[in-house]
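Peer 1: Starting off with a structure, shown below.
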Amino acid sequence: MSTTEQEIRLGKLTRREFRERMASGELAGCLIPVAAIEQHLEHLAMEHDWRSVGLVARAVAKRLAPRVLVAEGLMCGISEHHMRHPGTLTLSPGTFLGVLGDMIDSMARAGFRNIVVVNGHGGNIEPVRGTWDQFLRRFEGVNLHFLSYWETLSQADADELLQGGKRMPDDLPGHAQEFETSVALAKFAGNVRGGAVSDQLDRSPALATAEQGNEWFERVTERLANFIGEVIDGQRQSETPLFHP
Ligand SMILES: [Zn+2]
């Protein structure tokens with residue numbers, strides 16, 4: 001039986017449907033994708049991080065259906081370092097963390113006790129890490145996790161699949177280079193401007209293939225589904241840091 005969008009996306013449910021599924025105990029976990037809309041070199045559409053993390057989150061929710069719901073997410077991220085390229089959207093760190101905290105709070109108040117923030121943009125990582133122990137205290141009682149989807153990949157994966165540079169995180173995930181371009185070619189090729197791939201300073205995107213992108217996507221979604229499966233089964237627990245005595 002195929003999974004419908006309605007089964008895996010919060011925004012597709014009515015309040016009654018949500019209420020009934022939560023009351024039945026069917027919903028064990030919630031994913032909150034976060035990303036960025038920012039320049040991705042000359043050849044890749046600016047939505048890349050948001051498009052890819054959303055696709056990953058929904059693919060993971062499908063694998064774990066009907067136990068996991070994707071809470072739509074936060075498309076815009078911390079991208080001050082890309083602002084010299086006009087068109088990039090950025091949130092200041094305080095705004096991003098404020099909105100993320102409120103989204104986690106909303107899902108905790110809806111009844112979720114397992115919440116995973118799935119990240120698709122490098123610029124969000126350090127601000128979130130610096131604040132994460134505050135969130136763990138604020139949401140005590142929630143099994144709360146943050147991870148970037150490419151953290152499921154290892155140096156061995158980079159060595160095996162990348163044709164060009166194999167350094168982590170410079171080449172995996174990198175920025176709009178072989179890895180991201182290959183995922184776009186595999187999953188939403190309309191976002192790749194073929195003519196511009198080689199018509200720019202950085203030529204590494206030209207190494208990307210759709211075949212490679214499909215393999216990345218399979219590995220990421222399978223491993224992330226395992227991680228989130230462990231979270232909702234209680235085998236993976238976040239720890240609340242100590243409070244001041
Ligand atoms: Zn990106």
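If you're wondering about the labels, chains in the structure tokens are A, B, ... by order shown, residues count from 1 in each chain, ligands from 1 in order shown.
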Please, which residues have at least one atom within 8 Å of an atom of ligand 1, using only C-alpha atoms and all ligand atoms, listed as a PyMOL selection string?
Peer 2: chain A and resi 36+38+40+48-49+120-122+173-176+180
Peer 1: Which polymer residues have any atom within 10 Å of an atom of Leu97 of chain A, counting only C-alpha atoms, with same-chain residues fewer than 2 positions away left out, as a PyMOL selection string?
Peer 2: chain A and resi 77-78+91-95+99-103+124+127-128+131-132+135
Peer 1: Env of Val53 of chain A: 8 Å cut, atoms = only C-alpha atoms, seq-sep filter 4 positions within chain, self excluded. Answer as a JSON list (two decimals) with N, CA and C atoms, in the first residue's frame.
Peer 2:
[["chain", "number", "residue", "atom", "x", "y", "z"],
["A", 33, "PRO", "N", 12.07, 19.69, 9.55],
["A", 33, "PRO", "CA", 13.18, 20.01, 8.66],
["A", 33, "PRO", "C", 13.50, 21.51, 8.73],
["A", 34, "VAL", "N", 14.79, 21.84, 8.72],
["A", 34, "VAL", "CA", 15.21, 23.24, 8.65],
["A", 34, "VAL", "C", 16.27, 23.35, 7.55],
["A", 35, "ALA", "N", 16.34, 24.50, 6.89],
["A", 35, "ALA", "CA", 17.25, 24.58, 5.75],
["A", 35, "ALA", "C", 17.67, 26.01, 5.48],
["A", 49, "ASP", "N", 18.74, 23.51, -0.50],
["A", 49, "ASP", "CA", 18.80, 22.92, 0.84],
["A", 49, "ASP", "C", 17.40, 22.59, 1.36],
["A", 57, "ALA", "N", 13.22, 14.21, 4.52],
["A", 57, "ALA", "CA", 12.34, 14.02, 5.68],
["A", 57, "ALA", "C", 11.08, 13.24, 5.30],
["A", 118, "VAL", "N", 15.72, 17.97, 11.58],
["A", 118, "VAL", "CA", 16.58, 17.46, 10.50],
["A", 118, "VAL", "C", 17.07, 18.67, 9.70],
["A", 119, "ASN", "N", 18.37, 18.84, 9.70],
["A", 119, "ASN", "CA", 18.96, 20.03, 9.09],
["A", 119, "ASN", "C", 19.51, 19.79, 7.69],
["A", 120, "GLY", "N", 19.35, 20.81, 6.83],
["A", 120, "GLY", "CA", 19.87, 20.70, 5.47],
["A", 120, "GLY", "C", 20.82, 21.82, 5.08],
["A", 149, "TYR", "N", 21.31, 15.93, 7.68],
["A", 149, "TYR", "CA", 21.06, 14.63, 7.05],
["A", 149, "TYR", "C", 22.33, 13.97, 6.54]]
Peer 1: Using DSSP on the backbone, list every residue of segment 85-162 of chain A that comes out as strand (DSSP E), and give them as a ChimeraX atom specification.
Peer 2: /A:114-119,143-148
Peer 1: Residues near segment 154-165 of chain A, anyone? I mean within 7 Å using only C-alpha atoms, not counting same-chain ones fewer than 4 positions away, as an mmCIF file with C-alpha atoms, in the first residue's frame.
Peer 2:
data_model
loop_
_atom_site.group_PDB
_atom_site.id
_atom_site.type_symbol
_atom_site.label_atom_id
_atom_site.label_comp_id
_atom_site.auth_asym_id
_atom_site.auth_seq_id
_atom_site.Cartn_x
_atom_site.Cartn_y
_atom_site.Cartn_z
ATOM 1 C CA ASP A 171 33.355 18.077 -0.389
ATOM 2 C CA LEU A 172 30.715 16.053 1.461
ATOM 3 C CA SER A 204 33.497 20.348 -9.451
ATOM 4 C CA LEU A 207 31.409 15.608 -11.927
ATOM 5 C CA GLN A 212 25.388 9.003 -7.882
#
Peer 1: To one decimal place in Å, what is the distance between atom CA of Thr3 of chain A and atom CA of Ile232 of chain A?
Peer 2: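 It comes out at 19.1 Å.
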Peer 1: Atom CA of Ala71 of chain A and atom CA of Gln39 of chain A, how far apart in Å?
Peer 2: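 So the answer is 25.1 Å.
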Peer 1: Would you please work out which residue, of A:Phe18, A:Phe188, A:Trp50, A:Phe96, is nearest to Asn214 of chain A when using only C-alpha atoms?
Peer 2: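 Of A:Phe18, A:Phe188, A:Trp50, A:Phe96, the one nearest Asn214 of chain A, counting only C-alpha atoms, is A:Phe188.
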Peer 1: Nearest to Gly73 of chain A: which of A:Arg58, A:Glu222, A:Ile32, A:Leu136 is it, counting only C-alpha atoms?
Peer 2: A:Ile32
Peer 1: Which residues are close to segment 105-114 of chain A, i.e. within 12 Å by only C-alpha atoms, leaving aside same-chain residues fewer than 2 positions away? Reply as an NGL selection string.
Peer 2: :A and (10 or 15 or 18-32 or 67-73 or 97-103 or 116-117 or 135-136 or 138-146 or 228-238)
Peer 1: Could you tell me how far atom CA of His244 of chain A lies from atom CA of Gly130 of chain A, in Å and to one decimal?
Peer 2: 18.2 Å
Peer 1: With distances taken over only C-alpha atoms, which of A:Met46, A:Phe227, A:Glu215, A:Asp199 is nearest to Pro86 of chain A?
Peer 2: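 When distances to Pro86 of chain A are compared using only C-alpha atoms, the smallest one comes from A:Met46.
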Peer 1: Counting only C-alpha atoms, what is within 7 Å of Arg63 of chain A, bar same-chain residues fewer than 3 positions away, as an NGL selection string?
Peer 2: :A and (59-60 or 225)
Peer 1: Would you mind writing down, as a list in words, each residue of segment 182-217 of chain A that DSSP on the backbone assigns to helix (DSSP H, G or I)?
Peer 2: Ser182, Val183, Ala184, Leu185, Ala186, Lys187, Ala189, Gly190, Asn191, Gly194, Gly195, Ala196, Val197, Ser204, Pro205, Ala206, Leu207, Ala210, Glu211, Gln212, Gly213, Asn214, Glu215, Trp216 and Phe217 of chain A
Peer 1: Store the residues picked out above, limited to C-alpha atoms, as an mmCIF file, in the first residue's frame.
Peer 2:
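Generated file (again-v8.cif):
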data_model
loop_
_atom_site.group_PDB
_atom_site.id
_atom_site.type_symbol
_atom_site.label_atom_id
_atom_site.label_comp_id
_atom_site.auth_asym_id
_atom_site.auth_seq_id
_atom_site.Cartn_x
_atom_site.Cartn_y
_atom_site.Cartn_z
ATOM 1 C CA SER A 182 24.076 14.914 -7.961
ATOM 2 C CA VAL A 183 21.098 14.778 -5.572
ATOM 3 C CA ALA A 184 19.419 17.548 -7.566
ATOM 4 C CA LEU A 185 20.083 15.717 -10.860
ATOM 5 C CA ALA A 186 18.537 12.566 -9.395
ATOM 6 C CA LYS A 187 15.519 14.060 -7.670
ATOM 7 C CA ALA A 189 16.785 17.933 -12.264
ATOM 8 C CA GLY A 190 14.858 21.059 -13.273
ATOM 9 C CA ASN A 191 16.883 22.917 -10.612
ATOM 10 C CA GLY A 194 23.218 22.433 -17.471
ATOM 11 C CA GLY A 195 24.781 25.283 -19.430
ATOM 12 C CA ALA A 196 26.052 26.999 -16.281
ATOM 13 C CA VAL A 197 27.569 23.903 -14.643
ATOM 14 C CA SER A 204 33.497 20.348 -9.451
ATOM 15 C CA PRO A 205 29.687 20.290 -10.016
ATOM 16 C CA ALA A 206 30.383 18.929 -13.516
ATOM 17 C CA LEU A 207 31.409 15.608 -11.927
ATOM 18 C CA ALA A 210 22.039 11.399 -11.363
ATOM 19 C CA GLU A 211 23.119 7.827 -10.695
ATOM 20 C CA GLN A 212 25.388 9.003 -7.882
ATOM 21 C CA GLY A 213 22.593 11.233 -6.542
ATOM 22 C CA ASN A 214 20.172 8.318 -6.348
ATOM 23 C CA GLU A 215 22.726 6.311 -4.394
ATOM 24 C CA TRP A 216 23.294 9.194 -1.953
ATOM 25 C CA PHE A 217 19.571 9.590 -1.461
#
